[in-house]
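Next comes upload_30.cif, a file with mmCIF, C-alpha atoms (C1' of nucleotides).
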```
data_entry
loop_
_atom_site.label_atom_id
_atom_site.label_comp_id
_atom_site.auth_asym_id
_atom_site.auth_seq_id
_atom_site.Cartn_x
_atom_site.Cartn_y
_atom_site.Cartn_z
CA MET A 1 99.52 -21.66 0.43
CA ASN A 2 95.79 -21.03 0.51
CA ASP A 3 93.38 -20.55 -2.37
CA PHE A 4 93.15 -16.82 -1.95
CA GLU A 5 96.48 -15.69 -3.28
CA SER A 6 95.69 -14.54 -6.76
CA PRO A 7 96.46 -11.90 -9.33
CA ILE A 8 93.09 -10.19 -8.97
CA GLY A 9 93.59 -8.55 -5.62
CA PRO A 10 92.62 -9.20 -2.03
CA PRO A 11 90.32 -12.11 -1.20
CA LEU A 12 86.67 -11.28 -1.66
CA ILE A 13 84.43 -11.37 1.37
CA GLY A 14 81.90 -13.49 -0.45
CA ALA A 15 84.30 -16.36 -1.02
CA LEU A 16 85.67 -16.02 2.49
CA LEU A 17 82.23 -16.48 4.00
CA ARG A 18 81.07 -19.27 1.69
CA ALA A 19 83.67 -21.91 2.43
CA PRO A 20 83.31 -21.88 6.23
CA LEU A 21 79.54 -21.89 5.96
CA ASP A 22 79.65 -24.87 3.61
CA THR A 23 81.88 -26.72 6.02
CA ILE A 24 79.64 -25.94 8.97
CA ARG A 25 76.52 -27.05 7.16
CA ALA A 26 78.22 -30.26 6.03
CA ARG A 27 79.26 -31.07 9.58
CA MET A 28 75.81 -30.27 10.87
CA VAL A 29 74.20 -32.81 8.58
CA ALA A 30 76.98 -35.32 9.31
CA ASP A 31 76.47 -35.00 13.06
CA LEU A 32 72.71 -35.21 12.68
CA HIS A 33 73.15 -38.33 10.62
CA ASP A 34 75.45 -39.85 13.23
CA ALA A 35 72.94 -38.97 15.95
CA GLY A 36 70.29 -40.98 14.10
CA PHE A 37 68.39 -38.10 12.50
CA THR A 38 68.96 -39.43 9.02
CA ASP A 39 65.77 -37.92 7.63
CA ILE A 40 66.87 -34.34 8.23
CA VAL A 41 68.17 -32.71 5.06
CA PRO A 42 69.77 -29.30 4.55
CA ALA A 43 66.50 -27.81 3.39
CA HIS A 44 65.12 -28.31 6.88
CA PHE A 45 67.66 -25.84 8.24
CA ALA A 46 65.26 -23.16 7.07
CA VAL A 47 63.05 -24.37 9.92
CA PHE A 48 65.73 -25.21 12.48
CA ARG A 49 67.01 -21.72 12.34
CA TYR A 50 68.59 -19.47 14.84
CA PRO A 51 65.65 -17.99 16.59
CA PRO A 52 63.94 -21.36 17.11
CA PRO A 53 60.43 -21.40 15.65
CA ASP A 54 58.87 -22.81 18.81
CA GLY A 55 55.54 -21.09 19.25
CA ARG A 56 55.88 -19.08 16.06
CA ARG A 57 53.46 -18.98 13.18
CA PRO A 58 54.30 -20.64 9.87
CA SER A 59 53.82 -17.37 8.06
CA ASP A 60 56.38 -15.63 10.23
CA CYS A 61 58.80 -18.50 9.76
CA ALA A 62 58.43 -18.19 6.02
CA ALA A 63 59.12 -14.48 6.12
CA GLY A 64 62.10 -14.99 8.40
CA ALA A 65 63.55 -17.62 6.12
CA GLY A 66 62.95 -15.54 3.01
CA MET A 67 60.64 -18.01 1.31
CA THR A 68 56.98 -18.31 0.46
CA ARG A 69 54.40 -19.63 2.91
CA GLN A 70 53.84 -22.55 0.57
CA ALA A 71 57.49 -23.56 0.65
CA MET A 72 57.58 -23.30 4.43
CA GLY A 73 54.35 -25.25 4.63
CA TYR A 74 55.94 -27.95 2.53
CA LEU A 75 58.89 -28.26 4.92
CA LEU A 76 56.70 -28.04 8.02
CA GLY A 77 54.47 -30.76 6.62
CA GLN A 78 57.48 -33.03 6.21
CA LEU A 79 58.83 -32.31 9.67
CA GLU A 80 55.41 -32.77 11.21
CA GLN A 81 54.99 -36.13 9.52
CA LEU A 82 58.44 -37.14 10.74
CA ASP A 83 57.43 -36.20 14.29
CA TYR A 84 59.78 -33.26 14.70
CA LEU A 85 57.05 -30.70 15.33
CA THR A 86 53.32 -30.15 15.48
CA ARG A 87 51.13 -27.44 14.04
CA GLU A 88 48.39 -26.51 16.46
CA ASP A 89 45.56 -24.06 16.12
CA ASP A 90 46.28 -20.59 17.36
CA PRO A 91 43.63 -19.86 20.00
CA ALA A 92 43.92 -16.14 19.31
CA ASP A 93 43.47 -16.41 15.55
CA GLN A 94 41.32 -19.04 13.88
CA ARG A 95 43.21 -18.72 10.61
CA SER A 96 46.61 -19.20 12.08
CA LYS A 97 48.64 -22.05 13.51
CA ARG A 98 51.47 -22.28 15.96
CA ILE A 99 54.54 -24.43 15.59
CA TYR A 100 55.71 -26.49 18.54
CA PHE A 101 58.75 -28.73 18.60
CA THR A 102 58.33 -32.29 19.72
CA LYS A 103 60.92 -34.04 21.84
CA ARG A 104 62.60 -35.15 18.63
CA GLY A 105 62.50 -31.59 17.35
CA PHE A 106 64.22 -30.25 20.44
CA ALA A 107 66.78 -33.04 20.16
CA VAL A 108 67.57 -31.99 16.60
CA ALA A 109 67.98 -28.36 17.61
CA GLN A 110 70.24 -29.46 20.42
CA THR A 111 72.32 -31.65 18.12
CA ILE A 112 72.74 -28.79 15.68
CA ARG A 113 73.88 -26.46 18.43
CA GLU A 114 76.34 -29.03 19.68
CA ALA A 115 77.70 -29.59 16.20
CA VAL A 116 78.36 -25.90 15.76
CA ARG A 117 79.88 -25.65 19.23
CA LYS A 118 82.20 -28.51 18.34
CA ILE A 119 83.34 -26.69 15.23
CA GLU A 120 83.77 -23.55 17.24
CA ALA A 121 85.93 -25.45 19.70
CA ASP A 122 88.08 -26.75 16.85
CA LEU A 123 88.44 -23.26 15.45
CA GLU A 124 89.24 -21.83 18.86
CA THR A 125 92.04 -24.35 19.15
CA GLU A 126 93.42 -23.53 15.74
CA LEU A 127 93.08 -19.76 15.89
CA GLY A 128 93.67 -19.27 19.58
CA PRO A 129 91.06 -18.01 22.02
CA GLU A 130 91.73 -14.32 21.45
CA GLN A 131 91.54 -14.40 17.68
CA PHE A 132 88.49 -16.61 17.75
CA ALA A 133 86.70 -14.31 20.18
CA GLN A 134 87.68 -11.38 18.04
CA LEU A 135 86.35 -13.08 14.95
CA ARG A 136 83.01 -13.78 16.57
CA GLU A 137 82.77 -10.26 17.86
CA LEU A 138 83.52 -8.80 14.46
CA LEU A 139 80.96 -11.08 12.84
CA VAL A 140 78.34 -9.89 15.31
CA LYS A 141 79.19 -6.30 14.44
CA LEU A 142 79.08 -7.21 10.76
CA ASN A 143 75.61 -8.66 11.18
CA ASP A 144 74.53 -5.54 13.01
CA THR A 145 75.60 -3.38 10.11
CA ASP A 146 72.99 -1.51 8.09
CA THR A 147 74.49 -3.00 4.93
CA ILE A 148 73.65 -6.46 6.18
CA ARG A 149 70.62 -5.80 8.34
CA GLY A 150 68.97 -3.71 5.66
CA GLN A 151 68.88 -6.45 3.05
CA ARG A 152 67.48 -9.13 5.35
CA PRO A 153 65.64 -12.15 4.04
CA ARG A 154 62.59 -11.24 2.05
CA PRO A 155 60.26 -13.53 0.18
CA PRO A 156 61.26 -13.64 -3.51
CA THR A 157 58.00 -11.90 -4.34
CA ALA A 158 56.99 -8.52 -2.86
CA PRO A 159 58.43 -6.05 -5.39
CA SER A 160 58.01 -3.28 -2.76
CA ALA A 161 56.92 -0.44 -5.02
CA SER A 162 57.76 3.07 -3.89
CA PRO A 163 54.38 4.88 -3.41
CA MET B 1 69.14 -4.80 19.60
CA ASN B 2 70.24 -7.45 17.18
CA ASP B 3 68.82 -10.91 16.61
CA PHE B 4 71.59 -12.70 18.44
CA GLU B 5 70.74 -11.97 22.04
CA SER B 6 69.05 -15.12 23.25
CA PRO B 7 68.71 -17.44 26.19
CA ILE B 8 70.68 -20.23 24.56
CA GLY B 9 74.14 -18.75 24.69
CA PRO B 10 76.52 -16.87 22.40
CA PRO B 11 75.65 -16.38 18.74
CA LEU B 12 76.46 -19.39 16.63
CA ILE B 13 79.04 -18.98 13.91
CA GLY B 14 76.75 -20.60 11.37
CA ALA B 15 74.05 -17.97 11.74
CA LEU B 16 76.65 -15.21 11.77
CA LEU B 17 78.03 -16.30 8.42
CA ARG B 18 74.71 -16.99 6.71
CA ALA B 19 73.12 -13.57 6.86
CA PRO B 20 76.04 -11.62 5.35
CA LEU B 21 76.47 -14.20 2.63
CA ASP B 22 72.78 -13.99 1.74
CA THR B 23 73.06 -10.22 1.51
CA ILE B 24 76.15 -10.40 -0.66
CA ARG B 25 74.60 -12.90 -3.03
CA ALA B 26 71.44 -10.82 -3.29
CA ARG B 27 73.45 -7.74 -4.18
CA MET B 28 75.53 -9.67 -6.67
CA VAL B 29 72.46 -10.73 -8.63
CA ALA B 30 70.98 -7.23 -8.33
CA ASP B 31 74.12 -5.61 -9.72
CA LEU B 32 74.37 -8.20 -12.49
CA HIS B 33 70.78 -7.50 -13.38
CA ASP B 34 71.42 -3.75 -13.44
CA ALA B 35 74.48 -4.31 -15.63
CA GLY B 36 72.29 -6.08 -18.18
CA PHE B 37 73.18 -9.68 -17.34
CA THR B 38 69.59 -10.57 -16.62
CA ASP B 39 70.02 -14.20 -17.61
CA ILE B 40 72.49 -14.96 -14.84
CA VAL B 41 70.83 -16.69 -11.90
CA PRO B 42 72.29 -17.64 -8.50
CA ALA B 43 72.88 -21.21 -9.64
CA HIS B 44 75.49 -19.92 -12.06
CA PHE B 45 77.61 -18.73 -9.16
CA ALA B 46 78.78 -22.32 -8.93
CA VAL B 47 80.60 -21.59 -12.19
CA PHE B 48 81.60 -17.98 -11.59
CA ARG B 49 83.46 -18.94 -8.50
CA TYR B 50 86.49 -17.63 -6.81
CA PRO B 51 89.25 -19.39 -8.63
CA PRO B 52 87.83 -18.53 -12.06
CA PRO B 53 87.29 -21.65 -14.18
CA ASP B 54 89.08 -20.21 -17.17
CA GLY B 55 91.06 -23.03 -18.72
CA ARG B 56 89.80 -25.61 -16.25
CA ARG B 57 88.07 -28.88 -16.98
CA PRO B 58 84.36 -29.30 -16.31
CA SER B 59 85.07 -32.28 -14.10
CA ASP B 60 87.37 -30.25 -11.88
CA CYS B 61 84.83 -27.46 -11.70
CA ALA B 62 82.20 -29.93 -10.59
CA ALA B 63 84.46 -31.29 -7.88
CA GLY B 64 85.40 -27.79 -6.78
CA ALA B 65 81.77 -26.74 -6.55
CA GLY B 66 80.81 -29.92 -4.72
CA MET B 67 78.35 -31.16 -7.31
CA THR B 68 78.15 -33.91 -9.90
CA ARG B 69 79.63 -33.61 -13.38
CA GLN B 70 76.12 -33.82 -14.76
CA ALA B 71 74.92 -30.83 -12.75
CA MET B 72 77.96 -28.82 -13.75
CA GLY B 73 77.46 -29.86 -17.36
CA TYR B 74 73.91 -28.60 -17.17
CA LEU B 75 75.05 -25.17 -15.96
CA LEU B 76 77.94 -24.99 -18.42
CA GLY B 77 75.56 -25.85 -21.24
CA GLN B 78 73.34 -22.95 -20.28
CA LEU B 79 76.22 -20.50 -19.97
CA GLU B 80 77.70 -21.67 -23.25
CA GLN B 81 74.41 -21.17 -25.04
CA LEU B 82 74.14 -17.69 -23.50
CA ASP B 83 77.61 -16.89 -24.82
CA TYR B 84 79.34 -16.58 -21.46
CA LEU B 85 81.85 -19.35 -22.13
CA THR B 86 82.95 -22.03 -24.55
CA ARG B 87 83.89 -25.64 -24.06
CA GLU B 88 86.78 -26.59 -26.28
CA ASP B 89 88.51 -29.89 -26.76
CA ASP B 90 91.49 -30.48 -24.55
CA PRO B 91 94.42 -31.14 -26.91
CA ALA B 92 96.16 -33.18 -24.25
CA ASP B 93 93.21 -35.45 -23.50
CA GLN B 94 90.67 -36.52 -26.08
CA ARG B 95 88.04 -37.24 -23.44
CA SER B 96 88.27 -33.91 -21.76
CA LYS B 97 87.22 -30.34 -22.45
CA ARG B 98 88.49 -26.98 -21.32
CA ILE B 99 86.35 -24.05 -20.27
CA TYR B 100 87.13 -20.60 -21.61
CA PHE B 101 85.28 -17.41 -20.75
CA THR B 102 84.04 -15.26 -23.57
CA LYS B 103 84.13 -11.49 -23.42
CA ARG B 104 80.70 -11.58 -21.81
CA GLY B 105 81.93 -14.15 -19.33
CA PHE B 106 84.83 -11.99 -18.25
CA ALA B 107 82.45 -9.04 -17.96
CA VAL B 108 80.24 -11.03 -15.61
CA ALA B 109 83.20 -12.02 -13.47
CA GLN B 110 84.27 -8.40 -13.37
CA THR B 111 80.78 -7.21 -12.44
CA ILE B 112 80.63 -9.72 -9.62
CA ARG B 113 83.97 -8.60 -8.27
CA GLU B 114 82.89 -4.97 -8.43
CA ALA B 115 79.65 -5.76 -6.64
CA VAL B 116 81.52 -7.40 -3.78
CA ARG B 117 84.02 -4.56 -3.67
CA LYS B 118 81.15 -2.11 -3.39
CA ILE B 119 79.74 -4.03 -0.44
CA GLU B 120 83.18 -4.14 1.09
CA ALA B 121 83.43 -0.38 0.74
CA ASP B 122 80.09 0.02 2.51
CA LEU B 123 81.19 -2.27 5.29
CA GLU B 124 84.51 -0.50 5.61
CA THR B 125 82.63 2.74 6.11
CA GLU B 126 80.34 1.26 8.72
CA LEU B 127 82.94 -0.73 10.64
CA GLY B 128 85.88 1.53 10.16
CA PRO B 129 89.00 0.64 8.18
CA GLU B 130 90.80 -1.08 11.05
CA GLN B 131 87.98 -3.34 12.08
CA PHE B 132 87.16 -4.20 8.50
CA ALA B 133 90.76 -5.05 7.71
CA GLN B 134 90.88 -7.14 10.86
CA LEU B 135 87.71 -8.96 9.87
CA ARG B 136 89.07 -9.81 6.45
CA GLU B 137 92.34 -10.96 7.91
CA LEU B 138 90.60 -13.18 10.44
CA LEU B 139 88.39 -14.63 7.73
CA VAL B 140 91.45 -15.48 5.67
CA LYS B 141 92.96 -17.23 8.67
CA LEU B 142 89.68 -18.98 9.26
CA ASN B 143 89.66 -20.24 5.69
CA ASP B 144 93.22 -21.41 6.08
CA THR B 145 92.26 -23.50 9.08
CA ASP B 146 92.41 -27.28 8.87
CA THR B 147 88.85 -27.42 10.18
CA ILE B 148 87.65 -25.49 7.16
CA ARG B 149 90.18 -26.55 4.55
CA GLY B 150 89.81 -30.21 5.43
CA GLN B 151 86.11 -30.47 4.77
CA ARG B 152 86.17 -28.74 1.41
CA PRO B 153 83.40 -29.22 -1.09
CA ARG B 154 82.92 -32.79 -2.16
CA PRO B 155 80.38 -34.22 -4.56
CA PRO B 156 77.35 -35.61 -2.70
CA THR B 157 78.33 -39.09 -3.86
CA ALA B 158 81.64 -40.75 -2.94
CA PRO B 159 80.85 -42.54 0.34
CA SER B 160 84.61 -42.92 0.91
CA ALA B 161 84.83 -46.43 2.35
CA SER B 162 87.67 -46.91 4.82
CA PRO B 163 89.46 -50.22 3.90
"C1'" DC C 1 26.85 -3.38 12.40
"C1'" DG C 2 28.35 -4.79 8.06
"C1'" DT C 3 31.11 -4.98 4.62
"C1'" DA C 4 35.62 -4.40 1.89
"C1'" DG C 5 40.34 -5.45 2.07
"C1'" DA C 6 44.12 -7.80 3.96
"C1'" DT C 7 46.11 -12.07 6.07
"C1'" DT C 8 46.67 -17.17 6.89
"C1'" DG C 9 47.10 -21.64 5.47
"C1'" DT C 10 46.64 -24.86 1.82
"C1'" DC C 11 45.68 -27.37 -2.73
"C1'" DA C 12 47.36 -27.76 -7.39
"C1'" DA C 13 50.45 -27.26 -11.14
"C1'" DG C 14 54.81 -26.34 -12.87
"C1'" DC C 15 59.77 -25.37 -13.10
"C1'" DG C 16 64.52 -25.62 -12.44
"C1'" DA C 17 68.59 -27.34 -10.28
"C1'" DT C 18 70.34 -31.47 -8.98
"C1'" DT C 19 70.84 -36.58 -8.38
"C1'" DT C 20 71.03 -41.33 -9.96
"C1'" DG C 21 71.86 -44.54 -13.64
"C1'" DA C 22 73.86 -45.94 -17.85
"C1'" DC C 23 77.07 -45.59 -21.58
"C1'" DA C 24 80.63 -44.81 -25.29
"C1'" DA C 25 85.04 -42.87 -25.80
"C1'" DC C 26 89.42 -42.44 -24.05
"C1'" DC C 27 93.46 -42.67 -20.77
"C1'" DG C 28 97.02 -44.98 -17.94
"C1'" DT C 29 99.18 -48.95 -16.57
"C1'" DA C 30 100.43 -53.71 -15.98
"C1'" DT D 1 96.90 -55.46 -25.41
"C1'" DA D 2 93.70 -56.00 -22.16
"C1'" DC D 3 91.66 -53.73 -18.13
"C1'" DG D 4 90.24 -50.57 -14.50
"C1'" DG D 5 89.52 -45.73 -13.94
"C1'" DT D 6 88.20 -41.18 -15.92
"C1'" DT D 7 85.51 -37.80 -18.80
"C1'" DG D 8 81.59 -36.02 -20.74
"C1'" DT D 9 76.87 -36.71 -21.78
"C1'" DC D 10 72.01 -38.61 -22.55
"C1'" DA D 11 67.89 -39.92 -20.05
"C1'" DA D 12 64.84 -40.19 -16.22
"C1'" DA D 13 63.50 -39.06 -11.75
"C1'" DT D 14 63.56 -36.34 -7.41
"C1'" DC D 15 63.13 -32.42 -4.65
"C1'" DG D 16 62.88 -27.83 -3.10
"C1'" DC D 17 60.57 -24.05 -4.38
"C1'" DT D 18 57.54 -20.72 -7.10
"C1'" DT D 19 53.24 -19.05 -9.08
"C1'" DG D 20 48.32 -19.15 -8.99
"C1'" DA D 21 43.98 -19.76 -6.85
"C1'" DC D 22 40.91 -20.19 -2.97
"C1'" DA D 23 38.07 -20.54 1.43
"C1'" DA D 24 38.25 -19.06 6.04
"C1'" DT D 25 39.15 -15.52 9.01
"C1'" DC D 26 40.62 -11.11 10.95
"C1'" DT D 27 40.66 -5.93 10.89
"C1'" DA D 28 39.37 -1.37 9.90
"C1'" DC D 29 36.29 1.84 8.51
"C1'" DG D 30 31.87 3.50 6.91
#
```

Final structure tokens representation of the file:
Amino acid sequence: MNDFESPIGPPLIGALLRAPLDTIRARMVADLHDAGFTDIVPAHFAVFRYPPPDGRRPSDCAAGAGMTRQAMGYLLGQLEQLDYLTREDDPADQRSKRIYFTKRGFAVAQTIREAVRKIEADLETELGPEQFAQLRELLVKLNDTDTIRGQRPRPPTAPSASP
Amino acid sequence: MNDFESPIGPPLIGALLRAPLDTIRARMVADLHDAGFTDIVPAHFAVFRYPPPDGRRPSDCAAGAGMTRQAMGYLLGQLEQLDYLTREDDPADQRSKRIYFTKRGFAVAQTIREAVRKIEADLETELGPEQFAQLRELLVKLNDTDTIRGQRPRPPTAPSASP
DNA sequence: CGTAGATTGTCAAGCGATTTGACAACCGTA
DNA sequence: TACGGTTGTCAAATCGCTTGACAATCTACG
């Protein structure tokens, strides 16, 4: 029996998404720890995100992660000091910087990808290749939905008044 | 074009789960705010969780949410002061307490459920009833997987030595 | 051109959620 | 009855993040 049989109706999507994500994140940090990257903490996942920030500007990273530039700067400062990335001047814009992964940074990104792939392999074994492929496909479609795409990460500020 | 076409392979499950969950959480707080529960913040979702904590012990809630008893106590203290729940003595155990929702607490839980149902309705419209049903079913199976069920939320402590 | 407004990164201060540490009260069991 | 484990809580500290302010720079428009 799973946790989702209850008197209040069918399982809610929110709960169904949370548990797997928690597991994945936990295994990501565990694998990073095992690989020797013990100074990477979950907060840094805002930087090591899907579209890798290599060559991007801190400001864009902040917007993409849905946080303020200051918060992103805080994380980037940590990761720079730990030799995971560098912030170099943008030749095209004196104000701006560009983020570049170091060797260590690329290694972390690689380790994260491998961790997720390992989980995916486990899930593929448990669910069977067809169901797993179907699940991934449906999740891609879900992410491509207006309902999801519309409400993408936005910095907690920006009240977006209607003119 | 969606964000998941990239040179590094198929979309990673982690990223596919994160975006929808972020959207759902954002809409949950928005709907709660609109319903007048302006003092509920995302942190409280650790309490208003899927198996509702009504009648449960704070310690079990903490374990279920993967946080320390102190952190859970902090949140429960807030919610008690805001009249969303009460902590009453457990008649069977003098040390322990039991959590009971107040009317307001039940209203919050109801509002959350309705918010998610609304999102589900939107998604059902966009994906079509069959695909949406399939997605939910696959997510249930995913949650029932050993890979997911095994690594359920655990308090950040407990190093679990092996002897 | 030149200047007004927006953008970028950063310093500083503060807050809130969470952790660690310690502790008294209580339970279960030997 | 003594003892190890559990429960809730007080206190202090940490950490991720926000708000606020600011100089430097870019951009658009007169």

Per-residue nearest contacts stretch 53-159 of chain B to stretch 10-19 of chain C, cut-off 9 Å, using all atoms listed in the file, as a Markdown table:
```
| residue | atom | partner | partner_atom | distance |
| --- | --- | --- | --- | --- |
| B:Met67 | CA | C:DT18 | C1' | 8.2 |
| B:Thr68 | CA | C:DT19 | C1' | 7.9 |
| B:Gln70 | CA | C:DT18 | C1' | 8.5 |
| B:Ala71 | CA | C:DT18 | C1' | 6.0 |
| B:Tyr74 | CA | C:DA17 | C1' | 8.8 |
| B:Leu75 | CA | C:DA17 | C1' | 8.9 |
| B:Pro156 | CA | C:DT19 | C1' | 8.7 |
```

Given the file above and the PyMOL selection byres ((chain C) within 9 of (chain A)), which residues are selected, and can you give them as a ChimeraX atom specification?
/C:7-10

Could you tell me which residues of chain A sit within 7 Å of chain B when counting all atoms listed in the file, and give me the result as a short mmCIF file (atom, residue, chain, number, x, y, z; two decimals) with C-alpha atoms, in the coordinates of the input?
```cif
data_model
loop_
_atom_site.label_atom_id
_atom_site.label_comp_id
_atom_site.auth_asym_id
_atom_site.auth_seq_id
_atom_site.Cartn_x
_atom_site.Cartn_y
_atom_site.Cartn_z
CA ASN A 2 95.79 -21.03 0.51
CA LEU A 12 86.67 -11.28 -1.66
CA GLY A 14 81.90 -13.49 -0.45
CA ALA A 15 84.30 -16.36 -1.02
CA LEU A 16 85.67 -16.02 2.49
CA LEU A 17 82.23 -16.48 4.00
CA ARG A 18 81.07 -19.27 1.69
CA PRO A 20 83.31 -21.88 6.23
CA LEU A 21 79.54 -21.89 5.96
CA THR A 23 81.88 -26.72 6.02
CA ILE A 24 79.64 -25.94 8.97
CA TYR A 50 68.59 -19.47 14.84
CA VAL A 116 78.36 -25.90 15.76
CA ASP A 122 88.08 -26.75 16.85
CA LEU A 123 88.44 -23.26 15.45
CA GLU A 126 93.42 -23.53 15.74
CA LEU A 135 86.35 -13.08 14.95
CA LEU A 138 83.52 -8.80 14.46
CA LEU A 139 80.96 -11.08 12.84
CA VAL A 140 78.34 -9.89 15.31
CA ASN A 143 75.61 -8.66 11.18
CA ASP A 144 74.53 -5.54 13.01
CA THR A 145 75.60 -3.38 10.11
CA THR A 147 74.49 -3.00 4.93
CA ILE A 148 73.65 -6.46 6.18
CA GLN A 151 68.88 -6.45 3.05
CA ARG A 152 67.48 -9.13 5.35
#
```

I need the residue set behind the PyMOL selection byres ((chain D) within 9 of (chain A)) for this file; please write it as a compact mmCIF listing (two decimals) with C-alpha atoms (C1' of nucleotides), in the coordinates of the input.
```txt
# COMPACT_ATOMS: atom_id res chain seq x y z
C1' DG D 16 62.88 -27.83 -3.10
C1' DC D 17 60.57 -24.05 -4.38
C1' DT D 18 57.54 -20.72 -7.10
C1' DA D 24 38.25 -19.06 6.04
C1' DT D 25 39.15 -15.52 9.01
C1' DC D 26 40.62 -11.11 10.95
```

Need to verify the contact set: B:Thr38, 9 Å, only C-alpha atoms (C1' of nucleotides), exclusion of same-chain residues closer than 5 positions in sequence. Can you return it as a PDB file with C-alpha atoms, in the coordinates of the input?
```
ATOM      1  CA  VAL B  29      72.460 -10.730  -8.630  1.00  0.00           C
ATOM      2  CA  LEU B  32      74.370  -8.200 -12.490  1.00  0.00           C
ATOM      3  CA  HIS B  33      70.780  -7.500 -13.380  1.00  0.00           C
TER       4      HIS B  33
END
```

Expressed in Å to a single decimal, how great is the separation between atom CA of A:Gly55 and atom CA of A:Leu79?
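Between atom CA of A:Gly55 and atom CA of A:Leu79 the gap is 15.1 Å.
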
Distance query B:Asp54 at most 12 Å, all atoms listed in the file, self and fewer than 3 positions along chain excluded, as number ranges by chain:
B: 47-51, 57-58, 60-61, 84-88, 97-103, 105-106, 109

Env of C:DA4: 12 Å cut, atoms = all atoms listed in the file, seq-sep filter 2 positions within chain, self excluded. Answer as a PDB file with C-alpha atoms (C1' of nucleotides), in the frame of the given file.
```pdb
ATOM      1  C1'  DG C   2      28.350  -4.790   8.060  1.00  0.00           C
ATOM      2  C1'  DA C   6      44.120  -7.800   3.960  1.00  0.00           C
TER       3       DA C   6
ATOM      4  C1'  DT D  27      40.660  -5.930  10.890  1.00  0.00           C
ATOM      5  C1'  DA D  28      39.370  -1.370   9.900  1.00  0.00           C
ATOM      6  C1'  DC D  29      36.290   1.840   8.510  1.00  0.00           C
ATOM      7  C1'  DG D  30      31.870   3.500   6.910  1.00  0.00           C
TER       8       DG D  30
END
```

So the first atom is atom CA of A:Asp39 and the second is atom CA of A:Thr111; what is the distance between them in Å, to one decimal place?
13.9 Å

Apply the PyMOL selection byres ((chain D and resi 4) around 12) to the file shown and report the selected residues as a PyMOL selection string.
(chain C and resi 27-30) or (chain D and resi 2-3+5-6)

Kindly save the residues from that selection, with C-alpha atoms (C1' of nucleotides) included, as a PDB file, in the coordinates of the input.
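Here's the written file selection-v2.pdb:
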```pdb
ATOM      1  C1'  DC C  27      93.460 -42.670 -20.770  1.00  0.00           C
ATOM      2  C1'  DG C  28      97.020 -44.980 -17.940  1.00  0.00           C
ATOM      3  C1'  DT C  29      99.180 -48.950 -16.570  1.00  0.00           C
ATOM      4  C1'  DA C  30     100.430 -53.710 -15.980  1.00  0.00           C
TER       5       DA C  30
ATOM      6  C1'  DA D   2      93.700 -56.000 -22.160  1.00  0.00           C
ATOM      7  C1'  DC D   3      91.660 -53.730 -18.130  1.00  0.00           C
ATOM      8  C1'  DG D   5      89.520 -45.730 -13.940  1.00  0.00           C
ATOM      9  C1'  DT D   6      88.200 -41.180 -15.920  1.00  0.00           C
TER      10       DT D   6
END
```

Could you tell me how far atom CA of B:Ala35 sits from atom CA of B:Gln78, in Å to one decimal place?
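It comes out at 19.2 Å.
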
Please give the centre and size of the box around stretch 46-60 of chain A (axis-aligned, containing every atom listed in the file, 6 Å added per side), with values in Å to one decimal and written as lines of an AutoDock Vina configuration file.
```
center_x = 61.0
center_y = -20.4
center_z = 13.2
size_x = 27.1
size_y = 21.6
size_z = 24.2
```

Which polymer residues have any atom within 12 Å of an atom of C:DA22, counting all atoms listed in the file, with same-chain residues fewer than 5 positions away left out, as an MDAnalysis selection string?
chainID D and resid 9:12
